[in-house]
$ cat data_20.csv   # CSV, C-alpha atoms
chain,number,residue,atom,x,y,z
B,1,MET,CA,-7.1,-1.8,25.3
B,2,THR,CA,-10.7,-1.0,26.1
B,3,LEU,CA,-13.5,-2.1,23.7
B,4,THR,CA,-14.2,1.5,22.8
B,5,ALA,CA,-10.6,2.3,21.9
B,6,PHE,CA,-10.6,-0.9,19.9
B,7,LEU,CA,-13.8,-0.1,18.0
B,8,ILE,CA,-12.6,3.4,17.2
B,9,LEU,CA,-9.5,1.9,15.6
B,10,VAL,CA,-11.7,-0.4,13.5
B,11,ALA,CA,-13.8,2.6,12.5
B,12,ILE,CA,-10.7,4.7,11.5
B,13,GLY,CA,-9.5,1.7,9.5
B,14,PHE,CA,-12.8,1.4,7.8
B,15,LEU,CA,-13.0,5.1,6.8
B,16,VAL,CA,-9.4,5.3,5.6
B,17,GLY,CA,-9.6,2.0,3.7
B,18,GLY,CA,-12.9,3.1,2.2
B,19,PHE,CA,-12.1,6.6,1.2
B,20,GLY,CA,-8.6,5.5,0.2
B,21,ALA,CA,-9.9,2.9,-2.2
B,22,LEU,CA,-12.5,5.4,-3.6
B,23,ALA,CA,-9.8,8.0,-4.3
B,24,GLY,CA,-7.2,5.4,-5.4
B,25,ILE,CA,-4.7,6.0,-2.6
B,26,GLY,CA,-3.2,3.5,-0.1
B,27,GLY,CA,-4.2,5.5,2.9
B,28,GLY,CA,-0.8,5.3,4.7
B,29,VAL,CA,-0.5,9.0,4.4
B,30,ILE,CA,-3.5,9.4,6.6
B,31,LEU,CA,-3.0,6.5,9.0
B,32,THR,CA,0.5,7.3,10.1
B,33,PRO,CA,-0.4,10.8,11.4
B,34,VAL,CA,-3.6,9.5,13.0
B,35,VAL,CA,-1.8,6.9,15.1
B,36,ALA,CA,1.2,9.2,15.7
B,37,LEU,CA,-0.8,12.3,16.7
B,38,TYR,CA,-3.8,10.9,18.5
B,39,TYR,CA,-2.6,7.5,19.7
B,40,GLY,CA,0.8,8.7,20.8
B,41,LEU,CA,2.6,5.9,19.0
B,42,PRO,CA,6.3,6.6,18.4
B,43,MET,CA,7.0,7.4,14.7
B,44,HIS,CA,8.7,4.1,14.0
B,45,GLN,CA,5.6,2.2,15.3
B,46,ALA,CA,3.2,4.5,13.5
B,47,ILE,CA,5.0,3.7,10.3
B,48,GLY,CA,5.0,0.0,11.0
B,49,VAL,CA,1.3,0.0,11.6
B,50,SER,CA,0.7,2.0,8.5
B,51,LEU,CA,2.7,-0.3,6.4
B,52,VAL,CA,0.6,-3.4,7.2
B,53,SER,CA,-2.6,-1.3,6.6
B,54,VAL,CA,-1.3,-0.3,3.2
B,55,ILE,CA,-0.7,-4.0,2.3
B,56,ALA,CA,-4.3,-4.6,3.2
B,57,THR,CA,-5.7,-1.9,0.9
B,58,SER,CA,-3.5,-2.9,-2.0
B,59,THR,CA,-4.3,-6.6,-1.7
B,60,ALA,CA,-8.0,-6.1,-1.3
B,61,THR,CA,-8.4,-3.7,-4.2
B,62,SER,CA,-5.8,-4.9,-6.7
B,63,ALA,CA,-7.5,-8.3,-7.2
B,64,LEU,CA,-10.5,-6.3,-8.7
B,65,TYR,CA,-8.3,-4.0,-10.8
B,66,VAL,CA,-6.5,-7.0,-12.3
B,67,GLU,CA,-9.8,-8.6,-13.2
B,68,GLN,CA,-10.9,-5.4,-14.9
B,69,HIS,CA,-7.8,-5.5,-17.1
B,70,VAL,CA,-6.5,-2.1,-16.0
B,71,THR,CA,-3.4,-3.4,-14.2
B,72,ASP,CA,-0.2,-4.0,-16.3
B,73,ILE,CA,1.2,-7.0,-14.4
B,74,ARG,CA,4.5,-7.1,-16.4
B,75,LEU,CA,5.1,-3.3,-16.1
B,76,GLY,CA,4.3,-3.6,-12.3
B,77,MET,CA,6.6,-6.5,-11.7
B,78,THR,CA,9.5,-4.8,-13.6
B,79,LEU,CA,9.2,-1.6,-11.5
B,80,GLU,CA,8.8,-3.8,-8.4
B,81,LEU,CA,12.5,-4.7,-8.8
B,82,ALA,CA,13.2,-1.0,-8.0
B,83,THR,CA,10.5,-0.4,-5.4
B,84,THR,CA,11.4,-3.4,-3.3
B,85,LEU,CA,15.1,-2.5,-3.4
B,86,GLY,CA,14.3,1.0,-2.3
B,87,ALA,CA,12.0,-0.2,0.4
B,88,LEU,CA,14.5,-2.6,1.8
B,89,ILE,CA,17.3,-0.1,1.9
B,90,ALA,CA,15.1,2.6,3.5
B,91,ALA,CA,13.5,0.3,6.0
B,92,LEU,CA,17.0,-0.7,7.2
B,93,MET,CA,18.0,3.0,7.3
B,94,ALA,CA,14.9,4.1,9.2
B,95,ALA,CA,16.2,2.5,12.4
B,96,HIS,CA,19.0,5.0,12.5
B,97,ILE,CA,16.9,8.1,11.9
B,98,ASP,CA,15.5,9.9,14.9
B,99,ARG,CA,11.8,10.4,15.4
B,100,ARG,CA,11.7,14.2,14.9
B,101,THR,CA,13.5,14.0,11.5
B,102,LEU,CA,11.1,11.2,10.4
B,103,ALA,CA,8.1,13.3,11.6
B,104,LEU,CA,9.5,16.4,9.7
B,105,MET,CA,9.9,14.3,6.5
B,106,PHE,CA,6.4,13.0,6.9
B,107,ALA,CA,4.9,16.4,7.3
B,108,CYS,CA,6.7,17.5,4.1
B,109,PHE,CA,5.4,14.4,2.3
B,110,LEU,CA,1.9,15.1,3.5
B,111,ALA,CA,2.1,18.6,2.1
B,112,TYR,CA,3.3,17.2,-1.2
B,113,SER,CA,0.5,14.6,-1.3
B,114,SER,CA,-2.1,17.2,-0.6
B,115,ALA,CA,-0.8,19.3,-3.6
B,116,SER,CA,-0.6,16.2,-5.8
B,117,MET,CA,-4.2,15.4,-5.1
B,118,VAL,CA,-5.2,19.0,-6.1
B,119,ARG,CA,-3.8,18.2,-9.5
B,120,ARG,CA,-5.6,14.8,-9.6
B,121,ALA,CA,-8.9,16.4,-8.6
B,122,TRP,CA,-8.4,18.8,-11.5
B,123,TYR,CA,-7.8,16.0,-14.0
B,124,SER,CA,-10.6,13.8,-12.6
B,125,ARG,CA,-13.3,16.3,-13.6
B,126,ASN,CA,-13.1,15.1,-17.2
B,127,GLU,CA,-11.8,11.5,-16.7
B,128,ASN,CA,-14.2,8.9,-17.9
B,129,GLU,CA,-14.0,5.7,-15.9
B,130,GLU,CA,-16.2,3.7,-18.3
B,131,GLU,CA,-14.1,4.3,-21.4
B,132,PRO,CA,-12.0,1.3,-22.5
B,133,VAL,CA,-8.2,1.8,-22.0
B,134,HIS,CA,-6.5,2.8,-25.3
B,135,ASP,CA,-3.5,0.9,-26.5
B,136,TYR,CA,-0.1,2.1,-25.3
B,137,THR,CA,3.6,1.4,-25.5
B,138,VAL,CA,5.5,1.8,-22.4
B,139,ARG,CA,8.4,4.2,-22.8
B,140,ASN,CA,11.3,5.6,-20.7
B,141,TYR,CA,11.9,2.5,-18.4
B,142,PRO,CA,15.1,4.0,-16.9
B,143,LEU,CA,13.2,7.0,-15.5
B,144,GLY,CA,10.4,4.8,-14.3
B,145,MET,CA,12.9,2.6,-12.5
B,146,LEU,CA,14.5,5.6,-10.9
B,147,ALA,CA,11.1,7.0,-9.7
B,148,SER,CA,10.1,3.5,-8.4
B,149,LEU,CA,13.4,3.3,-6.4
B,150,ILE,CA,12.6,6.7,-4.8
B,151,ALA,CA,8.9,5.7,-4.2
B,152,GLY,CA,10.0,2.5,-2.6
B,153,GLY,CA,12.5,4.4,-0.5
B,154,PHE,CA,9.8,6.7,0.8
B,155,SER,CA,7.5,3.7,1.4
B,156,GLY,CA,10.0,2.0,3.6
B,157,LEU,CA,10.9,5.2,5.4
B,158,LEU,CA,7.5,6.7,5.9
B,159,GLY,CA,5.0,3.8,5.7
B,160,ILE,CA,3.2,5.1,2.7
B,161,GLY,CA,2.4,3.5,-0.7
B,162,GLY,CA,4.3,6.0,-2.8
B,163,GLY,CA,1.5,6.4,-5.4
B,164,PRO,CA,1.9,10.2,-5.7
B,165,ILE,CA,5.5,9.6,-6.9
B,166,LYS,CA,5.0,6.7,-9.3
B,167,VAL,CA,1.6,7.6,-10.9
B,168,PRO,CA,2.7,11.0,-12.4
B,169,VAL,CA,5.9,9.5,-13.7
B,170,MET,CA,4.1,6.5,-15.3
B,171,TYR,CA,1.4,8.8,-16.8
B,172,LEU,CA,3.6,11.8,-17.9
B,173,PHE,CA,6.9,10.1,-18.9
B,174,MET,CA,6.1,6.4,-19.6
B,175,GLN,CA,3.0,7.2,-21.5
B,176,VAL,CA,0.8,4.8,-19.5
B,177,PRO,CA,-2.9,5.8,-19.4
B,178,LEU,CA,-3.8,7.3,-16.0
B,179,ARG,CA,-6.2,4.5,-15.0
B,180,VAL,CA,-3.5,1.9,-15.8
B,181,ALA,CA,-0.9,3.9,-14.0
B,182,THR,CA,-3.1,4.2,-10.8
B,183,ALA,CA,-4.0,0.5,-10.8
B,184,THR,CA,-0.5,-0.7,-11.5
B,185,SER,CA,0.9,1.5,-8.7
B,186,ASN,CA,-1.7,0.1,-6.4
B,187,PHE,CA,-0.7,-3.4,-7.5
B,188,MET,CA,3.0,-2.8,-6.7
B,189,ILE,CA,2.3,-1.3,-3.2
B,190,GLY,CA,1.5,-4.7,-1.6
B,191,VAL,CA,4.9,-6.2,-2.4
B,192,THR,CA,6.8,-3.0,-1.7
B,193,ALA,CA,5.1,-2.5,1.7
B,194,ALA,CA,5.5,-6.2,2.6
B,195,THR,CA,9.3,-5.9,2.0
B,196,SER,CA,9.7,-3.1,4.5
B,197,ALA,CA,7.0,-4.3,6.9
B,198,VAL,CA,9.0,-7.5,7.5
B,199,VAL,CA,12.0,-5.4,8.5
B,200,TYR,CA,9.8,-3.3,10.9
B,201,TRP,CA,8.2,-6.5,12.2
B,202,GLY,CA,11.6,-7.9,12.9
B,203,ARG,CA,12.5,-4.8,14.9
B,204,GLY,CA,9.3,-5.1,17.0
B,205,ASP,CA,7.8,-1.9,15.4
B,206,VAL,CA,4.6,-3.6,14.2
B,207,ASN,CA,2.3,-3.1,17.2
B,208,LEU,CA,-0.3,-5.9,16.7
B,209,GLY,CA,-2.8,-4.4,19.3
B,210,VAL,CA,-3.1,-1.3,17.1
B,211,ALA,CA,-2.4,-2.9,13.7
B,212,ALA,CA,-5.0,-5.7,13.9
B,213,PRO,CA,-8.1,-3.7,14.5
B,214,LEU,CA,-7.0,-1.1,11.9
B,215,VAL,CA,-6.3,-3.8,9.3
B,216,ALA,CA,-9.7,-5.4,9.9
B,217,GLY,CA,-11.4,-2.0,9.3
B,218,VAL,CA,-9.2,-1.3,6.3
B,219,PHE,CA,-10.1,-4.6,4.7
B,220,ALA,CA,-13.8,-4.1,5.2
B,221,GLY,CA,-13.7,-0.5,4.0
B,222,SER,CA,-11.6,-1.1,0.9
B,223,LEU,CA,-13.4,-4.3,-0.2
B,224,LEU,CA,-16.7,-2.4,0.0
B,225,ALA,CA,-15.4,0.8,-1.6
B,226,ALA,CA,-13.8,-1.1,-4.6
B,227,ARG,CA,-17.2,-2.4,-5.5
B,228,ILE,CA,-19.1,0.9,-5.4
B,229,LYS,CA,-16.2,3.0,-6.8
B,230,HIS,CA,-17.6,3.4,-10.3
B,231,ARG,CA,-20.8,5.0,-8.9
B,232,ILE,CA,-19.0,7.7,-6.8
B,233,PRO,CA,-17.2,10.6,-8.5
B,234,ALA,CA,-13.6,10.7,-7.2
B,235,PHE,CA,-13.6,14.5,-7.3
B,236,TYR,CA,-15.5,15.0,-4.0
B,237,ILE,CA,-13.5,12.4,-2.2
B,238,LEU,CA,-10.3,14.0,-3.4
B,239,ILE,CA,-11.5,17.4,-2.1
B,240,LEU,CA,-12.1,15.8,1.4
B,241,LEU,CA,-8.7,14.1,1.4
B,242,ILE,CA,-6.9,17.3,0.3
B,243,GLY,CA,-8.4,19.0,3.4
B,244,VAL,CA,-7.5,16.1,5.7
B,245,THR,CA,-3.9,15.7,4.5
B,246,ALA,CA,-3.3,19.5,4.6
B,247,TRP,CA,-4.6,19.6,8.2
B,248,PHE,CA,-2.4,16.7,9.3
B,249,SER,CA,0.6,18.3,7.6
B,250,ALA,CA,0.0,21.5,9.5
B,251,GLN,CA,-0.4,19.7,12.8
B,252,MET,CA,2.8,17.7,12.3
B,253,PHE,CA,4.8,20.7,11.4
B,254,TYR,CA,3.4,22.5,14.5
B,255,LYS,CA,4.2,19.6,16.7
B,256,VAL,CA,7.8,19.3,15.4
B,257,ALA,CA,8.3,23.1,15.8
B,258,THR,CA,7.0,23.0,19.4
B,259,GLY,CA,9.4,20.2,20.3
B,260,GLY,CA,7.1,17.2,20.0
B,261,PHE,CA,8.0,13.7,18.6
B,262,ARG,CA,10.9,13.1,21.0
P,1,MET,CA,6.4,-5.8,-25.1
P,2,LYS,CA,4.2,-8.8,-24.4
P,3,ARG,CA,0.8,-8.2,-23.0
P,4,ASP,CA,-0.6,-9.8,-19.9
P,5,THR,CA,-2.8,-12.9,-20.8
P,6,PRO,CA,-6.2,-13.5,-19.3
P,7,ARG,CA,-4.9,-16.6,-17.6
P,8,GLU,CA,-2.2,-14.6,-15.8
P,9,GLU,CA,-4.7,-12.1,-14.8
P,10,ARG,CA,-7.1,-14.7,-13.5
P,11,LEU,CA,-4.4,-16.5,-11.5
P,12,VAL,CA,-2.9,-13.4,-10.0
P,13,ALA,CA,-6.4,-12.0,-9.1
P,14,LEU,CA,-7.4,-15.3,-7.5
P,15,THR,CA,-4.2,-15.4,-5.4
P,16,LEU,CA,-4.8,-11.9,-4.1
P,17,LYS,CA,-8.4,-12.6,-3.4
P,18,ILE,CA,-7.7,-15.8,-1.4
P,19,GLY,CA,-5.0,-14.1,0.5
P,20,ALA,CA,-7.1,-11.0,1.3
P,21,TYR,CA,-10.1,-12.9,2.4
P,22,SER,CA,-8.3,-15.5,4.5
P,23,ALA,CA,-6.1,-12.8,6.2
P,24,PHE,CA,-9.3,-10.7,6.9
P,25,ALA,CA,-11.1,-13.8,8.3
P,26,CYS,CA,-8.2,-14.8,10.6
P,27,ILE,CA,-7.8,-11.3,11.9
P,28,VAL,CA,-11.6,-10.8,12.6
P,29,VAL,CA,-11.9,-14.3,14.2
P,30,GLY,CA,-8.8,-13.6,16.3
P,31,LEU,CA,-10.0,-10.2,17.5
P,32,VAL,CA,-13.5,-11.5,18.3
P,33,LEU,CA,-12.1,-14.4,20.3
P,34,HIS,CA,-9.7,-12.0,22.1
P,35,HIS,CA,-12.5,-9.7,23.2
P,36,ALA,CA,-15.1,-12.4,23.9
P,37,ALA,CA,-13.0,-15.2,25.4
P,38,GLY,CA,-9.7,-13.7,26.3
P,39,PHE,CA,-7.6,-15.7,23.8
P,40,GLY,CA,-7.1,-15.8,20.1
P,41,ASN,CA,-4.0,-13.6,19.7
P,42,GLY,CA,-2.3,-16.4,17.8
P,43,VAL,CA,-5.1,-16.5,15.2
P,44,THR,CA,-4.7,-12.7,14.8
P,45,ALA,CA,-1.0,-13.0,14.3
P,46,ALA,CA,-1.5,-15.8,11.8
P,47,GLY,CA,-3.8,-13.5,9.9
P,48,MET,CA,-1.0,-10.8,9.8
P,49,ILE,CA,1.4,-13.4,8.5
P,50,VAL,CA,-1.0,-14.4,5.8
P,51,LEU,CA,-1.3,-10.6,5.0
P,52,LEU,CA,2.5,-10.2,4.7
P,53,ALA,CA,2.9,-13.5,2.7
P,54,THR,CA,0.2,-12.8,0.1
P,55,PRO,CA,2.2,-10.4,-2.1
P,56,VAL,CA,5.1,-12.9,-2.0
P,57,LEU,CA,2.8,-15.7,-3.1
P,58,ARG,CA,1.5,-13.5,-5.9
P,59,ILE,CA,5.1,-13.1,-7.2
P,60,ILE,CA,5.6,-16.9,-7.2
P,61,VAL,CA,2.2,-17.5,-9.0
P,62,ALA,CA,3.0,-15.0,-11.7
P,63,GLY,CA,6.5,-16.3,-12.1
P,64,VAL,CA,5.4,-19.9,-12.5
P,65,GLN,CA,2.8,-18.8,-15.1
P,66,PHE,CA,5.5,-16.8,-17.0
P,67,LEU,CA,7.6,-20.0,-17.0
P,68,ARG,CA,4.8,-22.1,-18.4
P,69,GLU,CA,4.5,-19.5,-21.2
P,70,ARG,CA,8.3,-19.6,-21.8
P,71,ASP,CA,8.5,-15.9,-21.2
P,72,LEU,CA,12.0,-16.0,-19.7
P,73,GLN,CA,12.5,-12.3,-19.4
P,74,TYR,CA,9.7,-12.1,-16.9
P,75,VAL,CA,10.6,-15.3,-15.2
P,76,LEU,CA,13.9,-13.5,-14.4
P,77,VAL,CA,12.0,-10.3,-13.3
P,78,SER,CA,9.9,-12.5,-10.9
P,79,LEU,CA,13.0,-14.2,-9.5
P,80,GLY,CA,14.7,-10.8,-9.0
P,81,VAL,CA,11.7,-9.4,-7.0
P,82,LEU,CA,11.4,-12.6,-5.1
P,83,GLY,CA,15.1,-12.5,-4.2
P,84,ILE,CA,14.9,-8.9,-2.9
P,85,VAL,CA,11.8,-9.8,-0.8
P,86,MET,CA,13.5,-12.9,0.6
P,87,LEU,CA,16.6,-10.9,1.5
P,88,ALA,CA,14.3,-8.6,3.5
P,89,TYR,CA,12.8,-11.6,5.3
P,90,TRP,CA,16.3,-12.9,6.0
P,91,LEU,CA,17.6,-9.6,7.3
P,92,GLY,CA,14.3,-8.7,9.1
P,93,VAL,CA,13.3,-11.8,11.0

$ encode --input "data_20.csv" --output "structure tokens"
Amino acid sequence: MTLTAFLILVAIGFLVGGFGALAGIGGGVILTPVVALYYGLPMHQAIGVSLVSVIATSTATSALYVEQHVTDIRLGMTLELATTLGALIAALMAAHIDRRTLALMFACFLAYSSASMVRRAWYSRNENEEEPVHDYTVRNYPLGMLASLIAGGFSGLLGIGGGPIKVPVMYLFMQVPLRVATATSNFMIGVTAATSAVVYWGRGDVNLGVAAPLVAGVFAGSLLAARIKHRIPAFYILILLIGVTAWFSAQMFYKVATGGFR
Amino acid sequence: MKRDTPREERLVALTLKIGAYSAFACIVVGLVLHHAAGFGNGVTAAGMIVLLATPVLRIIVAGVQFLRERDLQYVLVSLGVLGIVMLAYWLGV
């Protein structure tokens, strides 16, 4: 790989890690289409690369959220029982799913993520980051476990974190405050993505030449962003990410429809 | 339900921090060596392995702390998660 191509990957990682951490998303939803559409990586390799990047974002940012007392470690680890199981099953299944089907599923998930960020942008207008988290009792564990199993499955299948599935369920049905739900989901993503990443690694679907520069950029971007997060309103970053995910979704649908991803 | 204690939070955050920074350092050093001297892929790969191992280490650290607090329910939860991740390692590599 030329030095230029290498530096572009570092820069992409930096931007995705940075904006991802600012908006509270893992960034897998953006990295997979970038490497699949513009670097021509086969879908399975794009997902493998994205999985390791997602672990980097989660690890870099969750240390900070744990220190800020907004992560519920016990709730996170309980739900991890389901996310890791879902991730393991899905990662094993992914080998038997053809590239076009994966690309089509990914395009659908991108559209869903874009829509779910519209809702988050709407809420974030009157969300106060400085306010202390109020006391809460976690309810509805069975539903939370089910959502986590599904989120883990999507993570292992598509190389994403699964935040857009877990966060609304924790917030709306388990009565966990939104900030705690977001931080706890982010905390769970590291273990979940590591579970499926190992399966992809074993199959040779983690391309180190592409993954290493991306991960280096992601680390730098998300470590920096987690520190300046409180000074930047999430609203504008969400608007940007809504546009980016909607655009990638349209591009992937178009490419599948015109016979791409073979 | 029991709340997380400050000690648990400190230990888990410390594990994640050490893992993140050492993986980052290994990957950067490996990549710089690769482009400057033509070797160093082993260091990069080691960084990737640290990255994949950090979440597992975090489960163990939390589990041991739960054990010291005699919080058996969450010791079992930690063992369960660890078991599934180990199964993935066994099936994957």

$ atom_distance --input "data_20.csv" --atom1 "atom CA of B:Glu80" --atom2 "atom CA of B:Thr192"
7.0 Å

$ interface_residues --input "data_20.csv" --of "chain P" --to "chain B" --cutoff "8 Å" --atoms "only C-alpha atoms" --output "VMD selection string"
chain P and resid 1 3 to 4 9 to 10 12 to 14 16 to 17 19 to 20 24 27 to 28 31 35 44 to 45 48 51 to 56 74 77 to 78 80 to 81 84 to 85 88 to 89 91 to 93

$ atom_distance --input "data_20.csv" --atom1 "atom CA of B:Arg100" --atom2 "atom CA of B:Tyr112"
18.4 Å

$ residues_around --input "data_20.csv" --residues "B:Phe154" --least-positions-apart "5" --cutoff "10 Å" --atoms "all atoms listed in the file" --output "PyMOL selection string"
chain B and resi 83+86-87+90-91+105-106+109+148-149+159-162+165

$ atom_distance --input "data_20.csv" --atom1 "atom CA of B:Gly48" --atom2 "atom CA of B:Leu241"
21.9 Å

$ axis_aligned_box --input "data_20.csv" --around "stretch 68-85 of chain P" --padding-each-side "6 Å" --output "lines of an AutoDock Vina configuration file"
center_x = 9.8
center_y = -15.5
center_z = -11.3
size_x = 22.6
size_y = 25.2
size_z = 33.0

$ residues_around --input "data_20.csv" --residues "stretch 236-240 of chain B" --least-positions-apart "2" --cutoff "9 Å" --atoms "all atoms listed in the file" --output "PyMOL selection string"
chain B and resi 19-20+22-23+117-118+120-121+232-234+242-245

$ closest_residue --input "data_20.csv" --among "P:Thr5, P:Leu82, P:His34, P:Leu87" --to "P:Arg58" --atoms "only C-alpha atoms"
P:Leu82

$ decode --input "data_20.csv" --residues "stretch 8-35 of chain P" --atoms "N, CA and C atoms" --output "compact mmCIF listing (two decimals), in the first residue's frame"
# COMPACT_ATOMS: atom_id res chain seq x y z
N GLU P 8 -15.11 -0.66 41.83
CA GLU P 8 -15.35 -1.41 40.58
C GLU P 8 -15.14 -0.49 39.39
N GLU P 9 -15.71 0.71 39.48
CA GLU P 9 -15.60 1.65 38.36
C GLU P 9 -14.15 2.00 38.09
N ARG P 10 -13.38 2.21 39.19
CA ARG P 10 -11.98 2.58 39.02
C ARG P 10 -11.18 1.47 38.34
N LEU P 11 -11.40 0.23 38.81
CA LEU P 11 -10.64 -0.90 38.26
C LEU P 11 -10.99 -1.16 36.79
N VAL P 12 -12.30 -1.12 36.48
CA VAL P 12 -12.73 -1.36 35.10
C VAL P 12 -12.19 -0.26 34.18
N ALA P 13 -12.30 1.00 34.62
CA ALA P 13 -11.82 2.12 33.80
C ALA P 13 -10.31 2.01 33.58
N LEU P 14 -9.59 1.62 34.64
CA LEU P 14 -8.13 1.50 34.53
C LEU P 14 -7.75 0.41 33.52
N THR P 15 -8.46 -0.75 33.59
CA THR P 15 -8.18 -1.84 32.65
C THR P 15 -8.39 -1.37 31.21
N LEU P 16 -9.52 -0.69 30.98
CA LEU P 16 -9.83 -0.23 29.63
C LEU P 16 -8.80 0.77 29.14
N LYS P 17 -8.36 1.66 30.05
CA LYS P 17 -7.38 2.68 29.68
C LYS P 17 -6.04 2.06 29.31
N ILE P 18 -5.56 1.15 30.19
CA ILE P 18 -4.26 0.50 29.91
C ILE P 18 -4.34 -0.24 28.58
N GLY P 19 -5.45 -0.97 28.37
CA GLY P 19 -5.62 -1.73 27.12
C GLY P 19 -5.64 -0.81 25.92
N ALA P 20 -6.42 0.27 26.01
CA ALA P 20 -6.56 1.17 24.87
C ALA P 20 -5.23 1.82 24.52
N TYR P 21 -4.54 2.36 25.52
CA TYR P 21 -3.29 3.06 25.23
C TYR P 21 -2.20 2.11 24.77
N SER P 22 -2.12 0.90 25.35
CA SER P 22 -1.04 0.01 24.90
C SER P 22 -1.32 -0.53 23.49
N ALA P 23 -2.61 -0.81 23.17
CA ALA P 23 -2.93 -1.25 21.81
C ALA P 23 -2.60 -0.14 20.81
N PHE P 24 -3.00 1.08 21.15
CA PHE P 24 -2.75 2.25 20.31
C PHE P 24 -1.24 2.42 20.07
N ALA P 25 -0.46 2.35 21.17
CA ALA P 25 0.98 2.53 21.07
C ALA P 25 1.61 1.46 20.17
N CYS P 26 1.25 0.19 20.40
CA CYS P 26 1.81 -0.91 19.59
C CYS P 26 1.50 -0.72 18.11
N ILE P 27 0.22 -0.37 17.81
CA ILE P 27 -0.18 -0.24 16.41
C ILE P 27 0.57 0.91 15.75
N VAL P 28 0.67 2.05 16.44
CA VAL P 28 1.37 3.21 15.86
C VAL P 28 2.86 2.89 15.65
N VAL P 29 3.50 2.32 16.67
CA VAL P 29 4.93 1.98 16.54
C VAL P 29 5.13 0.99 15.39
N GLY P 30 4.27 -0.03 15.33
CA GLY P 30 4.38 -1.04 14.27
C GLY P 30 4.22 -0.42 12.89
N LEU P 31 3.24 0.47 12.75
CA LEU P 31 2.99 1.10 11.44
C LEU P 31 4.14 2.01 11.02
N VAL P 32 4.66 2.78 11.99
CA VAL P 32 5.77 3.69 11.68
C VAL P 32 7.00 2.86 11.27
N LEU P 33 7.29 1.81 12.02
CA LEU P 33 8.42 0.94 11.69
C LEU P 33 8.25 0.35 10.30
N HIS P 34 7.00 -0.08 10.00
CA HIS P 34 6.73 -0.70 8.70
C HIS P 34 7.03 0.27 7.56
N HIS P 35 6.61 1.52 7.71
CA HIS P 35 6.81 2.48 6.63
C HIS P 35 8.21 3.06 6.60
